[in-house]
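Source file: coords_4.pdb (PDB, C-alpha atoms)
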ATOM      1  CA  MET A   1     -74.398-169.067-207.913
ATOM      2  CA  PHE A   2     -72.011-170.186-205.263
ATOM      3  CA  ALA A   3     -72.244-171.629-201.786
ATOM      4  CA  LEU A   4     -69.642-171.486-199.075
ATOM      5  CA  ASN A   5     -69.356-173.100-195.689
ATOM      6  CA  ILE A   6     -67.110-171.161-193.359
ATOM      7  CA  ASP A   7     -65.849-172.340-189.991
ATOM      8  CA  CYS A   8     -66.454-169.304-187.803
ATOM      9  CA  SER A   9     -65.186-170.867-184.593
ATOM     10  CA  ASN A  10     -62.499-169.171-182.541
ATOM     11  CA  ALA A  11     -59.882-171.260-184.356
ATOM     12  CA  ALA A  12     -60.868-169.743-187.693
ATOM     13  CA  ASP A  13     -60.257-166.058-186.971
ATOM     14  CA  ILE A  14     -58.041-165.622-190.027
ATOM     15  CA  LEU A  15     -58.918-167.060-193.415
ATOM     16  CA  GLU A  16     -56.600-167.322-196.394
ATOM     17  CA  ALA A  17     -56.672-164.675-199.128
ATOM     18  CA  ASP A  18     -59.447-165.025-201.717
ATOM     19  CA  VAL A  19     -61.729-166.758-199.209
ATOM     20  CA  LEU A  20     -64.858-164.919-198.123
ATOM     21  CA  ASN A  21     -64.358-163.782-194.547
ATOM     22  CA  ILE A  22     -67.296-163.555-192.165
ATOM     23  CA  THR A  23     -66.990-159.747-192.228
ATOM     24  CA  ASP A  24     -67.723-159.817-195.987
ATOM     25  CA  VAL A  25     -71.279-161.101-195.442
ATOM     26  CA  PRO A  26     -73.870-158.433-196.323
ATOM     27  CA  THR A  27     -75.739-156.744-193.483
ATOM     28  CA  GLY A  28     -79.172-157.936-194.619
ATOM     29  CA  PHE A  29     -82.439-157.720-192.716
ATOM     30  CA  ASP A  30     -82.275-156.907-189.003
ATOM     31  CA  PHE A  31     -83.594-160.011-187.257
ATOM     32  CA  GLN A  32     -82.721-158.345-183.924
ATOM     33  CA  SER A  33     -85.802-156.135-184.388
ATOM     34  CA  LEU A  34     -87.995-159.223-183.899
ATOM     35  CA  ALA A  35     -89.207-160.537-180.541
ATOM     36  CA  PRO A  36     -88.245-164.012-179.316
ATOM     37  CA  LEU A  37     -90.907-166.583-180.337
ATOM     38  CA  GLU A  38     -92.452-164.126-182.831
ATOM     39  CA  MET A  39     -93.824-165.779-185.967
ATOM     40  CA  VAL A  40     -91.936-164.252-188.890
ATOM     41  CA  THR A  41     -94.223-163.401-191.811
ATOM     42  CA  THR A  42     -94.352-159.896-193.314
ATOM     43  CA  GLN A  43     -92.287-157.847-190.835
ATOM     44  CA  PHE A  44     -89.758-156.887-193.520
ATOM     45  CA  SER A  45     -90.485-155.028-196.731
ATOM     46  CA  GLU A  46     -89.577-156.948-199.895
ATOM     47  CA  VAL A  47     -90.044-160.440-198.389
ATOM     48  CA  SER A  48     -92.641-162.696-196.755
ATOM     49  CA  PHE A  49     -91.632-165.717-194.699
ATOM     50  CA  GLY A  50     -93.594-168.940-194.451
ATOM     51  CA  CYS A  51     -93.200-171.417-191.565
ATOM     52  CA  ALA A  52     -90.640-169.276-189.716
ATOM     53  CA  ILE A  53     -90.147-168.142-186.119
ATOM     54  CA  ALA A  54     -87.632-165.847-184.412
ATOM     55  CA  LEU A  55     -85.648-167.509-181.613
ATOM     56  CA  ILE A  56     -82.601-167.086-179.440
ATOM     57  CA  PRO A  57     -80.998-170.526-179.741
ATOM     58  CA  SER A  58     -80.244-172.256-176.453
ATOM     59  CA  ASN A  59     -77.725-174.499-178.225
ATOM     60  CA  PRO A  60     -74.395-172.594-178.492
ATOM     61  CA  ARG A  61     -73.574-174.443-181.726
ATOM     62  CA  PHE A  62     -76.224-172.398-183.587
ATOM     63  CA  VAL A  63     -75.457-168.830-182.564
ATOM     64  CA  ALA A  64     -72.327-166.690-182.915
ATOM     65  CA  LYS A  65     -73.276-164.149-180.202
ATOM     66  CA  VAL A  66     -75.083-164.696-176.911
ATOM     67  CA  GLY A  67     -78.641-163.361-177.161
ATOM     68  CA  GLN A  68     -78.596-163.187-180.968
ATOM     69  CA  LEU A  69     -81.989-163.663-182.624
ATOM     70  CA  VAL A  70     -82.158-165.995-185.598
ATOM     71  CA  VAL A  71     -84.972-167.308-187.783
ATOM     72  CA  MET A  72     -85.786-171.015-187.702
ATOM     73  CA  PRO A  73     -88.417-173.187-189.360
ATOM     74  CA  THR A  74     -91.538-173.975-187.374
ATOM     75  CA  GLY A  75     -92.673-177.558-187.048
ATOM     76  CA  ASN A  76     -90.685-180.740-187.420
ATOM     77  CA  ASP A  77     -90.071-180.747-191.188
ATOM     78  CA  ASN A  78     -87.087-178.330-191.130
ATOM     79  CA  HIS A  79     -88.472-176.334-194.052
ATOM     80  CA  LEU A  80     -89.277-172.661-194.589
ATOM     81  CA  SER A  81     -90.027-170.444-197.551
ATOM     82  CA  ILE A  82     -89.271-166.852-198.460
ATOM     83  CA  ALA A  83     -91.465-165.129-201.063
ATOM     84  CA  LEU A  84     -90.115-161.960-202.658
ATOM     85  CA  ASP A  85     -92.405-158.995-203.358
ATOM     86  CA  ASP A  86     -90.632-158.355-206.669
ATOM     87  CA  THR A  87     -88.444-160.714-208.653
ATOM     88  CA  VAL A  88     -84.704-160.251-208.163
ATOM     89  CA  ASP A  89     -81.558-161.497-209.862
ATOM     90  CA  SER A  90     -79.473-162.083-206.730
ATOM     91  CA  PHE A  91     -79.721-162.748-203.010
ATOM     92  CA  CYS A  92     -77.616-164.018-200.138
ATOM     93  CA  LEU A  93     -78.705-166.145-197.204
ATOM     94  CA  TRP A  94     -76.559-167.403-194.333
ATOM     95  CA  GLY A  95     -77.175-169.730-191.427
ATOM     96  CA  ARG A  96     -76.043-172.789-189.507
ATOM     97  CA  CYS A  97     -76.977-176.457-189.580
ATOM     98  CA  THR A  98     -75.406-179.820-188.730
ATOM     99  CA  GLN A  99     -76.229-180.941-192.283
ATOM    100  CA  PRO A 100     -76.025-179.201-195.673
ATOM    101  CA  MET A 101     -79.002-176.921-196.306
ATOM    102  CA  LEU A 102     -80.983-177.542-199.497
ATOM    103  CA  LEU A 103     -81.858-174.386-201.396
ATOM    104  CA  LYS A 104     -84.592-174.362-204.027
ATOM    105  CA  VAL A 105     -85.090-171.189-206.079
ATOM    106  CA  LEU A 106     -88.349-170.666-207.986
ATOM    107  CA  GLU A 107     -89.950-168.279-210.452
ATOM    108  CA  ALA A 108     -93.343-166.705-209.680
ATOM    109  CA  ASN A 109     -95.134-169.457-211.644
ATOM    110  CA  GLY A 110     -93.516-172.142-209.465
ATOM    111  CA  GLN A 111     -90.949-173.264-212.022
ATOM    112  CA  VAL A 112     -87.709-174.326-210.333
ATOM    113  CA  LEU A 113     -84.728-172.231-211.434
ATOM    114  CA  GLU A 114     -82.056-173.860-209.306
ATOM    115  CA  ILE A 115     -81.622-176.486-206.608
ATOM    116  CA  HIS A 116     -78.427-176.443-204.619
ATOM    117  CA  SER A 117     -76.940-178.289-201.662
ATOM    118  CA  ASP A 118     -73.297-178.613-200.772
ATOM    119  CA  LYS A 119     -73.404-182.330-199.940
ATOM    120  CA  ALA A 120     -69.611-182.590-200.239
ATOM    121  CA  PHE A 121     -68.855-180.212-197.373
ATOM    122  CA  ARG A 122     -67.312-181.858-194.319
ATOM    123  CA  TRP A 123     -67.915-180.253-190.949
ATOM    124  CA  PRO A 124     -64.873-180.020-188.694
ATOM    125  CA  SER A 125     -64.875-182.528-185.876
ATOM    126  CA  SER A 126     -65.971-180.731-182.767
ATOM    127  CA  SER A 127     -67.539-181.012-179.380
ATOM    128  CA  GLU A 128     -71.212-180.451-178.737
ATOM    129  CA  THR A 129     -70.492-176.798-177.894
ATOM    130  CA  HIS A 130     -68.308-175.957-180.916
ATOM    131  CA  LEU A 131     -69.889-173.292-183.155
ATOM    132  CA  LEU A 132     -71.186-174.772-186.408
ATOM    133  CA  PRO A 133     -69.731-173.406-189.666
ATOM    134  CA  LEU A 134     -71.663-170.601-191.307
ATOM    135  CA  GLN A 135     -73.269-171.779-194.540
ATOM    136  CA  ILE A 136     -73.491-168.912-197.023
ATOM    137  CA  LEU A 137     -75.750-169.455-200.024
ATOM    138  CA  LYS A 138     -75.461-166.696-202.586
ATOM    139  CA  LEU A 139     -77.014-166.426-206.037
ATOM    140  CA  GLU A 140     -75.952-163.829-208.560
ATOM    141  CA  ASN A 141     -76.726-163.052-212.197
ATOM    142  CA  MET A 142     -79.937-165.043-212.314
ATOM    143  CA  SER A 143     -83.303-163.722-213.352
ATOM    144  CA  LYS A 144     -86.865-163.924-212.114
ATOM    145  CA  ILE A 145     -86.146-165.200-208.573
ATOM    146  CA  ALA A 146     -89.528-164.974-206.833
ATOM    147  CA  MET A 147     -89.349-167.565-204.063
ATOM    148  CA  ILE A 148     -86.732-169.371-202.030
ATOM    149  CA  GLU A 149     -87.387-172.642-200.234
ATOM    150  CA  LEU A 150     -84.855-173.786-197.671
ATOM    151  CA  SER A 151     -84.763-177.184-195.992
ATOM    152  CA  ALA A 152     -82.336-179.577-194.311
ATOM    153  CA  ASP A 153     -82.200-183.033-192.782
ATOM    154  CA  ALA A 154     -81.704-181.385-189.376
ATOM    155  CA  PRO A 155     -82.786-178.178-187.599
ATOM    156  CA  PHE A 156     -81.155-175.015-188.944
ATOM    157  CA  THR A 157     -80.953-171.303-188.235
ATOM    158  CA  ILE A 158     -80.889-168.338-190.573
ATOM    159  CA  GLU A 159     -78.757-165.481-189.279
ATOM    160  CA  GLY A 160     -79.219-163.208-192.249
ATOM    161  CA  LEU A 161     -80.835-162.583-195.589
ATOM    162  CA  SER A 162     -79.993-159.940-198.153
ATOM    163  CA  VAL A 163     -81.862-159.284-201.422
TER     164      VAL A 163
END

With the file now loaded, output its structure as structure tokens.
Amino acid sequence: MFALNIDCSNAADILEADVLNITDVPTGFDFQSLAPLEMVTTQFSEVSFGCAIALIPSNPRFVAKVGQLVVMPTGNDNHLSIALDDTVDSFCLWGRCTQPMLLKVLEANGQVLEIHSDKAFRWPSSSETHLLPLQILKLENMSKIAMIELSADAPFTIEGLSV
């Protein structure tokens, strides 16, 4: 498993060799097929979301393109879950937050396989309109991933998910 935080602001158009560039992120599910304010549950084959809603963020720090739909947690606890129809051995999730996102990966029986948060990452100093870095959380070569729980100490968006 690895996690990356990438500054995708205008100042970070070119990244050094051997660093994952934003164009290397998998395509994933098409969140643009959702309607604004639509509760996200079983619209996509292979996955079911819990406590999630589709939004067009009004805060420019949370969206790379004007009018882009993202998935966010509902409620005030900044937590959502993603249940997989079949267990997988890898997935990739990417989004934005002012704090590190906490990722918990579980087997079908509820046993925790992995907990990850990049608490050491330092966000670049920026104004209130500066685009937040893209946090990419990718797991590979695991087994029996059945559920993903994502939370943070602040609101967050999910721009993409690939299983």

Checklist entry - Nearest to A:Glu159 among A:Ile145, A:Val71, A:Cys92, A:Ala35, with distances taken over only C-alpha atoms: which residue is it? => result A:Val71

Checklist outcome for this item: The residue from A:Gln43, A:Thr74, A:Asn109, A:Thr87 with the smallest atom-to-atom distance to A:Val163, counting only C-alpha atoms, is A:Thr87

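The environment of A:Asn76 within 12 Å, counting only C-alpha atoms and disregarding residues fewer than 6 places along the same chain, consists of Cys51, Ala52, Ser151, Ala152, Asp153, Ala154, Pro155 and Phe156 of chain A.
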
Keeping C-alpha atoms, export the residues of the selection given above as a PDB file, keeping the file's coordinate frame.
ATOM      1  CA  CYS A  51     -93.200-171.417-191.565  1.00  0.00           C
ATOM      2  CA  ALA A  52     -90.640-169.276-189.716  1.00  0.00           C
ATOM      3  CA  SER A 151     -84.763-177.184-195.992  1.00  0.00           C
ATOM      4  CA  ALA A 152     -82.336-179.577-194.311  1.00  0.00           C
ATOM      5  CA  ASP A 153     -82.200-183.033-192.782  1.00  0.00           C
ATOM      6  CA  ALA A 154     -81.704-181.385-189.376  1.00  0.00           C
ATOM      7  CA  PRO A 155     -82.786-178.178-187.599  1.00  0.00           C
ATOM      8  CA  PHE A 156     -81.155-175.015-188.944  1.00  0.00           C
TER       9      PHE A 156
END

Next on the checklist: Using only C-alpha atoms, list the residues that have an atom at most 9 Å from (-88.1, -173.9, -197.7), coordinates as in the file, as a list in words.
Outcome noted: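 Here the neighbourhood of the point contains Gly50, Cys51, Pro73, Asn78, His79, Leu80, Ser81, Ile82, Leu102, Leu103, Lys104, Ile148, Glu149, Leu150, Ser151 and Ala152 of chain A.
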
If the PyMOL selection byres ((chain A and resi 46) around 6) is run on the structure shown, which residues does it catch, given as an mmCIF file with C-alpha atoms, keeping the file's coordinate frame?
data_model
loop_
_atom_site.group_PDB
_atom_site.id
_atom_site.type_symbol
_atom_site.label_atom_id
_atom_site.label_comp_id
_atom_site.auth_asym_id
_atom_site.auth_seq_id
_atom_site.Cartn_x
_atom_site.Cartn_y
_atom_site.Cartn_z
ATOM 1 C CA SER A 45 -90.485 -155.028 -196.731
ATOM 2 C CA VAL A 47 -90.044 -160.440 -198.389
ATOM 3 C CA LEU A 84 -90.115 -161.960 -202.658
ATOM 4 C CA ASP A 85 -92.405 -158.995 -203.358
#

Checklist outcome for this item: What separates atom CA of A:Trp94 and atom CA of A:Lys144 is a distance of 20.8 Å

Checklist entry - Between A:Leu137, A:Thr42, A:Met147, A:Ile158, which has the minimum distance to A:Val88 (counting all atoms listed in the file)? => result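 Closest to A:Val88 of all the choices is A:Met147.
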